[in-house]
Structure formats: structure tokens, C-alpha cells
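Novice: Take a look at this one; I'll ask things after.
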Amino acid sequence: MATYIARRLIQGLIVLLAVSMICFIIFRYMGDPVVTMAGRYATFEEREEVRRTFGLDQPMAVQYGRFLWNAVHGNFGKSYVSRVPALGLIMERFPATLELATTAIVVAFALGVILGVLVALKPYAMRNRLIMAASLGGISIPTFLSGILLIMIFSVYMGVLPPYGRGETVQIGFWRTGFLTLDGIRHLILPAATLALFQLAVLLRLTRAGMREVMAEEYIKTAWAKGLPPFKVIFKHALRNVLIPVVTITGLQFGELIAYSIVTETIFQWPGMGNLILTSFFENDQPVVVTYIMLAAVIIISMNIIVDILYALINPRIRYE
Amino acid sequence: MSERKIKSRILYSYLHDPSAIIGSIILVVFIFAAVFAPWIAPQDPYDLEQLTLDHFLTPPIWMEGGTWPFLLGTDDQGRGILSTILYGCRTSLIVGFSVVAIAGTFGVIIGLLAGFYGGWLDIVTMRLADTFFSFSTTFMAFLFLGIFGGASILVVIFAICMADWVRYARTMRGSVLEVREASYIVAARATGARDFRILLRHLMPNAIPPVFVVLAVDLAVVIMLEATLSFLGVGVPLTEPSLGMMISIGKNYIYAGMWWMIVFPGATLILLVVGINLFADWLREELNPKIERA
């Protein structure tokens with residue numbers, strides 16, 4: 001097991017190194033950093049001065065080494081636009097994104113699994129056909145569209161929920177939370193629902209498909225034949241095995257969640273990381289873009305490793321050769 | 001079961017599944033509309049000579065202020081919503097089918113070789129596939145286009161393909177691993193057939209069915225992805241019609257009550273994706289031997 005974990009960690013590090021190389025290329029070659037730092041109207045001598053001070057005249061390998069060294073120490077340079085450290089800019093917005101994404105994934109997972117089990121037990125009942133039809137709608141409406149439709153219904157026509165921003169927040173240490181005020185919760189409802197909707201439909205369909213396969217297996221028939229109460233058969237014997245792939249896929253699709261949070265934050269002007277990255281793209285703010293990509297990569301890769309290790313722990317059939 | 005019997009069984013199940021039929025009818029209608037858009041559309045919304053600012057922000061024709069030929073109203077540039085939708089469906093379907101064809105072919109070849117030969121090829125491609133998968137197609141395409149800018153439809157297709165082949169490669173490899181051990185493959189080998197022949201004549205046809213399900217689902221996913229990217233402003237350029245971009249323009253006018261700029265392109269997009277998904281659902285149940293049918 002220890003070798004398995006070590007192997008996964010090393011693999012994760014290799015991927016991170018590859019990502020950092022891509023980031024370095026973006027930073028170095030997408031727009032000339034010398035022009036950006038010295039200003040468009042700098043003379044030749046001034047540019048050479050900047051080139052020397054920032055070490056941009058040294059060999060590529062040296063420059064990459066320094067980029068990596070700085071990155072490991074959390075130093076990704078300053079934003080070209082706001083002139084403050086890029087990492088600080090992003091970390092400031094991290095709580096907003098995390099609160100939105102966590103709320104969405106918890107809601108989506110709980111509802112998706114429960115509904116998925118219910119539907120799988122009686123796939124041809126009228127009520128369950130309706131749920132399946134709704135879930136088809138759920139996977140057929142792109143996130144950006146469901147967000148706008150929710151704004152149209154609940155903010156423009158009914159005027160009951162706020163469409164933009166995060167509302168009133170409370171600062172606790174370095175963390176700015178919206179969970180503690182009524183206004184913050186009200187602002188959270190629409191974006192969280194938007195972000196949860198697609199995942200909910202996917203999880204529901206995944207659980208249903210898994211349950212239908214498992215319910216036809218011999219060991220479930222044995223469980224029924226033993227006279228076990230339905231609750232035990234369904235939740236203890238069947239669902240447990242279905243949940244393994246469902247949890248795995250949820251964990252492995254973390255990149256998807258980050259991508260959809262960008263969409264959601266843009267629509268609701270949620271002051272999170274996703275909103276920042278989109279504006280940084282349009283402003284060619286390379287340090288912020290690079291920092292964001294590195295951070296996202298770290299999050300995604302660690303999620304993967306955690307899921308893989310948990311999976312190996314749950315499922316004894318995995319061999320860690 | 002002979003091949004003929006299998007074919008007639010699939011045809012039978014298709015003809016007896018209303019959602020499969022509805023799904024494919026929707027898809028056919030969309031393809032027809034996209035191909036013949038220049039002849040059906042009352043206006044060419046990207047021909048600047050046909051645009052006049054007199055007609056900007058007109059409501060649909062049945063409302064007060066609506067005028068012919070703008071059946072579903074116009075946007076802030078005076079482009080007819082109906083015409084732009086028809087042209088936008090072209091973009092959606094071109095991107096959708098191109099990605100599915102290119103990424104599908106590439107992925108199937110990689111999956112076939114990785115599954116058949118194993119070894120370092122398998123390890124490298126599947127590790128790469130795992131990594132791409134966890135970053136997700138959406139995220140990778142978004143980052144790529146955000147950094148390099150969506151200069152044209154071709155760049156958008158390339159960006160999506162770059163991440164999307166992984167789905168096909170993984171599915172194909174899994175399927176090849178199951179089929180590889182079948183006795184007819186062993187038999188083919190025993191008769192002295194060469195690798196190339198085994199791959200193409202025996203493995204490929206028997207391992208490919210699961211890929212069709214992925215392909216159908218993926219078409220819907222890619223069409224939604226193109227709309228999302230264009231909505232965010234990193235997709236097709238402003239000079240190309242796109243359902244996503246229409247909705248992004250309409251978003252500026254929701255408080256003005258100009259719902260037609262969002263509702264019509266939105267409904268079109270949903271209908272197209274639902275149609276494809278209905279068909280994909282039927283295909284999945286049909287090709288999955290594990291499910292008990294009632």
C-alpha cells in the first residue's frame with residue numbers, strides 16, 4: 001500500500017511538472033514580459049536594463065529553474081493589471097469559489113443518489129418516468145443557460161432572489177464567508193442551484209444505471225431469498241457497491257466542477273476565482289492566468305490521488321503492483 | 001445469433017421506442033435546417049447590407065411592434081433572431097460533427113493499439129488519458145482558447161478535440177481488453193493471421209459498439225460546450241453566428257424585458273441536445289447486455 005501511495009504521488013508530481021512547463025511557456029512567450037514591465041514606450045537601453053534585472057537574458061533552463069523555484073515558494077509575480085502579487089489576488093477570491101462549489105456538490109450528491117435509488121427500484125412507475133424525463137432535461141440544458149433562465153424567473157419576473165454578487169459577508173480571520181448572514185444565503189441560492197443542476201442530473205443517472213445493474217446480480221437475489229428487509233438489501237448490499245464508482249467519478253470529475261464554476265461565477269458576477277480568470281484572459285494578465293492554472297492543477301491532482309487511495313482502500317480487488 | 005437477426009432485433013427495438021424515433025426526427029430536422037439555412041432563413045444576418053438599425057430590438061411578429069420578416073424579433077444589431085438561429089445551428093452542428101469525427105477516429109485508433117499491444121504504449125497513453133480526463137474537456141478547451149484566443153471555428157474544433165479524444169480512447173481500450181481474450185481471436189492467431197488483419201478484421205468490429213454510445217452522448221456534450229465557450233467570449237469569433245453568443249447578447253437585455261433574445265436560441269439549443277440525448281439513451285440501453293429488460 002505504501003508503495004502504491006508513493007507511486008501515485010510521484011505520478012502526480014510528474015503531471016504537475018508538465019503543467020508548470022506549459023505555464024512557463026505561456027508566461028514567457030505569450031506577450032513579451034519585457035514590454036509589459038518596462039512599458040510600451042521604453043527605450044532600447046531601458047528594455048535591456050529590465051531584461052537583465054529580471055534575468056530574462058539567461059538560458060531557458062536557468063529561467064525555468066527560477067520560475068519553478070519561485071512557484072514552489074508561492075511567488076508567481078505581480079499582476080500586470082493591478083500590480084499586486086498574483087497568488088494573493090487569487091487566494092482572496094478562493095473562499096467565495098469554495099463555498100459555492102461545496103454547497104453545489106453536497107446538494108447534487110445527496111439529491112442525485114437518493115433520487116437515483118428511488119428511480120432504479122421502480123423504473124417503469126409514472127412518477128419515476130417523470131423524474132427521468134426531468135433528468136434528461138438536466139443534462140440537456142447547459143449550465144450557462146440554466147443560470148440565465150433562473151435569473152429570468154426568480155429575479156426579473158418574481159423578484160424574490162438577488163441575481164448578482166455575494167451579498168453581505170462576514171470576515172473570520174483570512175476567510176470571508178457568506179454562510180453566516182441571511183443576505184449571503186439568499187445570494188447563494190441561485191448560483192448554487194445552477195452549479196448543482198447539471199451534476200445532480202449526472203449523478204442521478206449514474207446511480208440509477210448502477211443500481212439497475214446491481215439489482216440484477218445473483219448476490220442481491222440471495223439477499224432477497226434470505227428474507228432480509230428491503231431497506232437492508234437496497235442500502236447495505238446494493239447501494240454500497242454502486243456508490244464506489246459514483247464517488248470515484250465525482251472525485252475524478254473535479255476539473256468539470258471548476259470549469260462550470262467559471263461559467264456560474266460569470267453569470268452571477270460571483271466574486272470568485274473563475275470570474276477573475278476570465279477577466280485576466282481578456283486583459284492578457286499572464287501572471288494571474290499562470291497562477292490560476294497551477295492552483296487548479298494542484299487541486300485536481302490532489303483530489304485524484306485522494307480518490308485513488310480511498311478507492312484502493314475500499315476495494316480489496318485492486319492490486320498495488 | 002446471426003448478424004442478420006441482430007440487425008432486425010435492433011431495428012425492431014428502434015421502431016418500438018418512441019423516444020428513439022422522436023430523438024432521431026429532431027436531429028434530422030436540425031441537420032436539414034442547418035444545411036439549407038441560406039434558403040430557408042428570411043435574411044442573411046451576417047450580410048451587412050441586409051442589416052439596418054431601423055429594425056434593432058424588434059419583438060416577435062405577433063407582439064406589438066413586430067414586423068415581417070422578423071418572425072421571432074431581432075437583436076441589438078437588427079439581426080433577425082430566426083435567421084441567426086438557423087445559421088447558428090450550422091455552427092453548432094459543424095463543430096459537433098467535426099469534433100466527434102476527428103476525436104473519435106483518433107481516440108479509437110489509440111485505444112485499439114493501446115489495448116492490443118499493451119506495454120509502454122498502453123501505460124503512457126492511458127496515464128495521459130487519465131490526466132486529461134480529470135482536467136475535463138470543458139476546462140482544457142476553455143484554458144486553451146482563453147490563452148490563444150478563439151480565432152476561428154477551426155481553432156475551436158481543435159481545442160475541443162485536443163481534450164476530447166480521451167473519452168474514445170478509454171472506451172475503446174476497455175472494450176478491446178475484453179474482446180482480446182475471446183476464442184475467435186485466439187483462433188485467428190492460430191491460423192497465422194498477422195497483427196494488422198486481427199486488429200482490423202476481428203478486434204475492431206467486435207470492440208467498437210460501446211464507442212457508438214460514447215459518440216452519441218459526446219455529440220450533445222460538444223454542442224453544449226461550443227455554446228458555453230461562445231457564451232463566455234472565448235469561442236467562435238464575433239463574426240460567426242452561434243447560439244451561445246446570441247444568448248450572451250440577450251443577457252444584457254433581460255431587465256429590459258426583451259426575453260425573445262434568450263428564450264428562442266435557448267429553446268433551440270435545448271431541443272437539439274434533448275433530441276440527441278433521447279437517441280443516445282436508447283442506444284445505451286440497447287447495447288448494454290447487463291440490464292434486465294421488463
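How things are named: the first chain in the C-alpha cells is A, the next is B, and so on; residues count from 1 in each chain; ligands count from 1 in the order shown.
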Near chain A, meaning an atom within 7 Å, which residues of chain B appear when counting only C-alpha atoms? Write them as an mmCIF file with C-alpha atoms, in the first residue's frame.
Specialist:
```
data_model
loop_
_atom_site.group_PDB
_atom_site.id
_atom_site.type_symbol
_atom_site.label_atom_id
_atom_site.label_comp_id
_atom_site.auth_asym_id
_atom_site.auth_seq_id
_atom_site.Cartn_x
_atom_site.Cartn_y
_atom_site.Cartn_z
ATOM 1 C CA SER B 134 -9.583 14.693 -14.648
ATOM 2 C CA PHE B 135 -8.857 18.136 -16.043
ATOM 3 C CA SER B 136 -12.017 17.608 -18.143
ATOM 4 C CA THR B 138 -14.509 21.683 -20.766
ATOM 5 C CA PHE B 139 -11.724 23.049 -18.601
ATOM 6 C CA GLY B 146 -8.640 31.690 -23.246
ATOM 7 C CA ILE B 147 -4.877 31.778 -23.708
ATOM 8 C CA MET B 224 -23.261 22.374 -25.414
ATOM 9 C CA THR B 228 -20.745 27.622 -23.490
ATOM 10 C CA ILE B 254 -33.139 40.686 -19.622
ATOM 11 C CA TYR B 255 -34.045 43.562 -17.346
ATOM 12 C CA GLY B 266 -32.051 28.789 -25.651
ATOM 13 C CA ILE B 270 -32.140 22.538 -25.538
ATOM 14 C CA VAL B 273 -29.421 18.443 -27.243
ATOM 15 C CA VAL B 274 -32.534 16.654 -25.926
ATOM 16 C CA LYS B 290 -26.221 -6.325 -18.347
ATOM 17 C CA ILE B 291 -29.627 -4.694 -17.866
ATOM 18 C CA GLU B 292 -32.732 -6.801 -17.336
#
```
Novice: Just the residues within 10 Å of Asp281 (chain B), please, counting only C-alpha atoms, with nothing from its chain fewer than 6 positions along; format it as a list in words.
Specialist: Leu136 of chain A; Ser19, Ala20, Gly23, Val213, Ala216 and Val217 of chain B
Novice: Could you give me, as a PyMOL selection string, the residues within 9 Å of Ser248 (chain B), counting only C-alpha atoms and dropping anything in the same chain fewer than 5 positions from it?
Specialist: chain B and resi 230-233+243+262
Novice: Set the distance at 9 Å and use only C-alpha atoms: which residues neighbour region 70-72 of chain A once local chain neighbours fewer than 6 positions away are removed? I'd like the list as a ChimeraX atom specification.
Specialist: /A:20,291,294
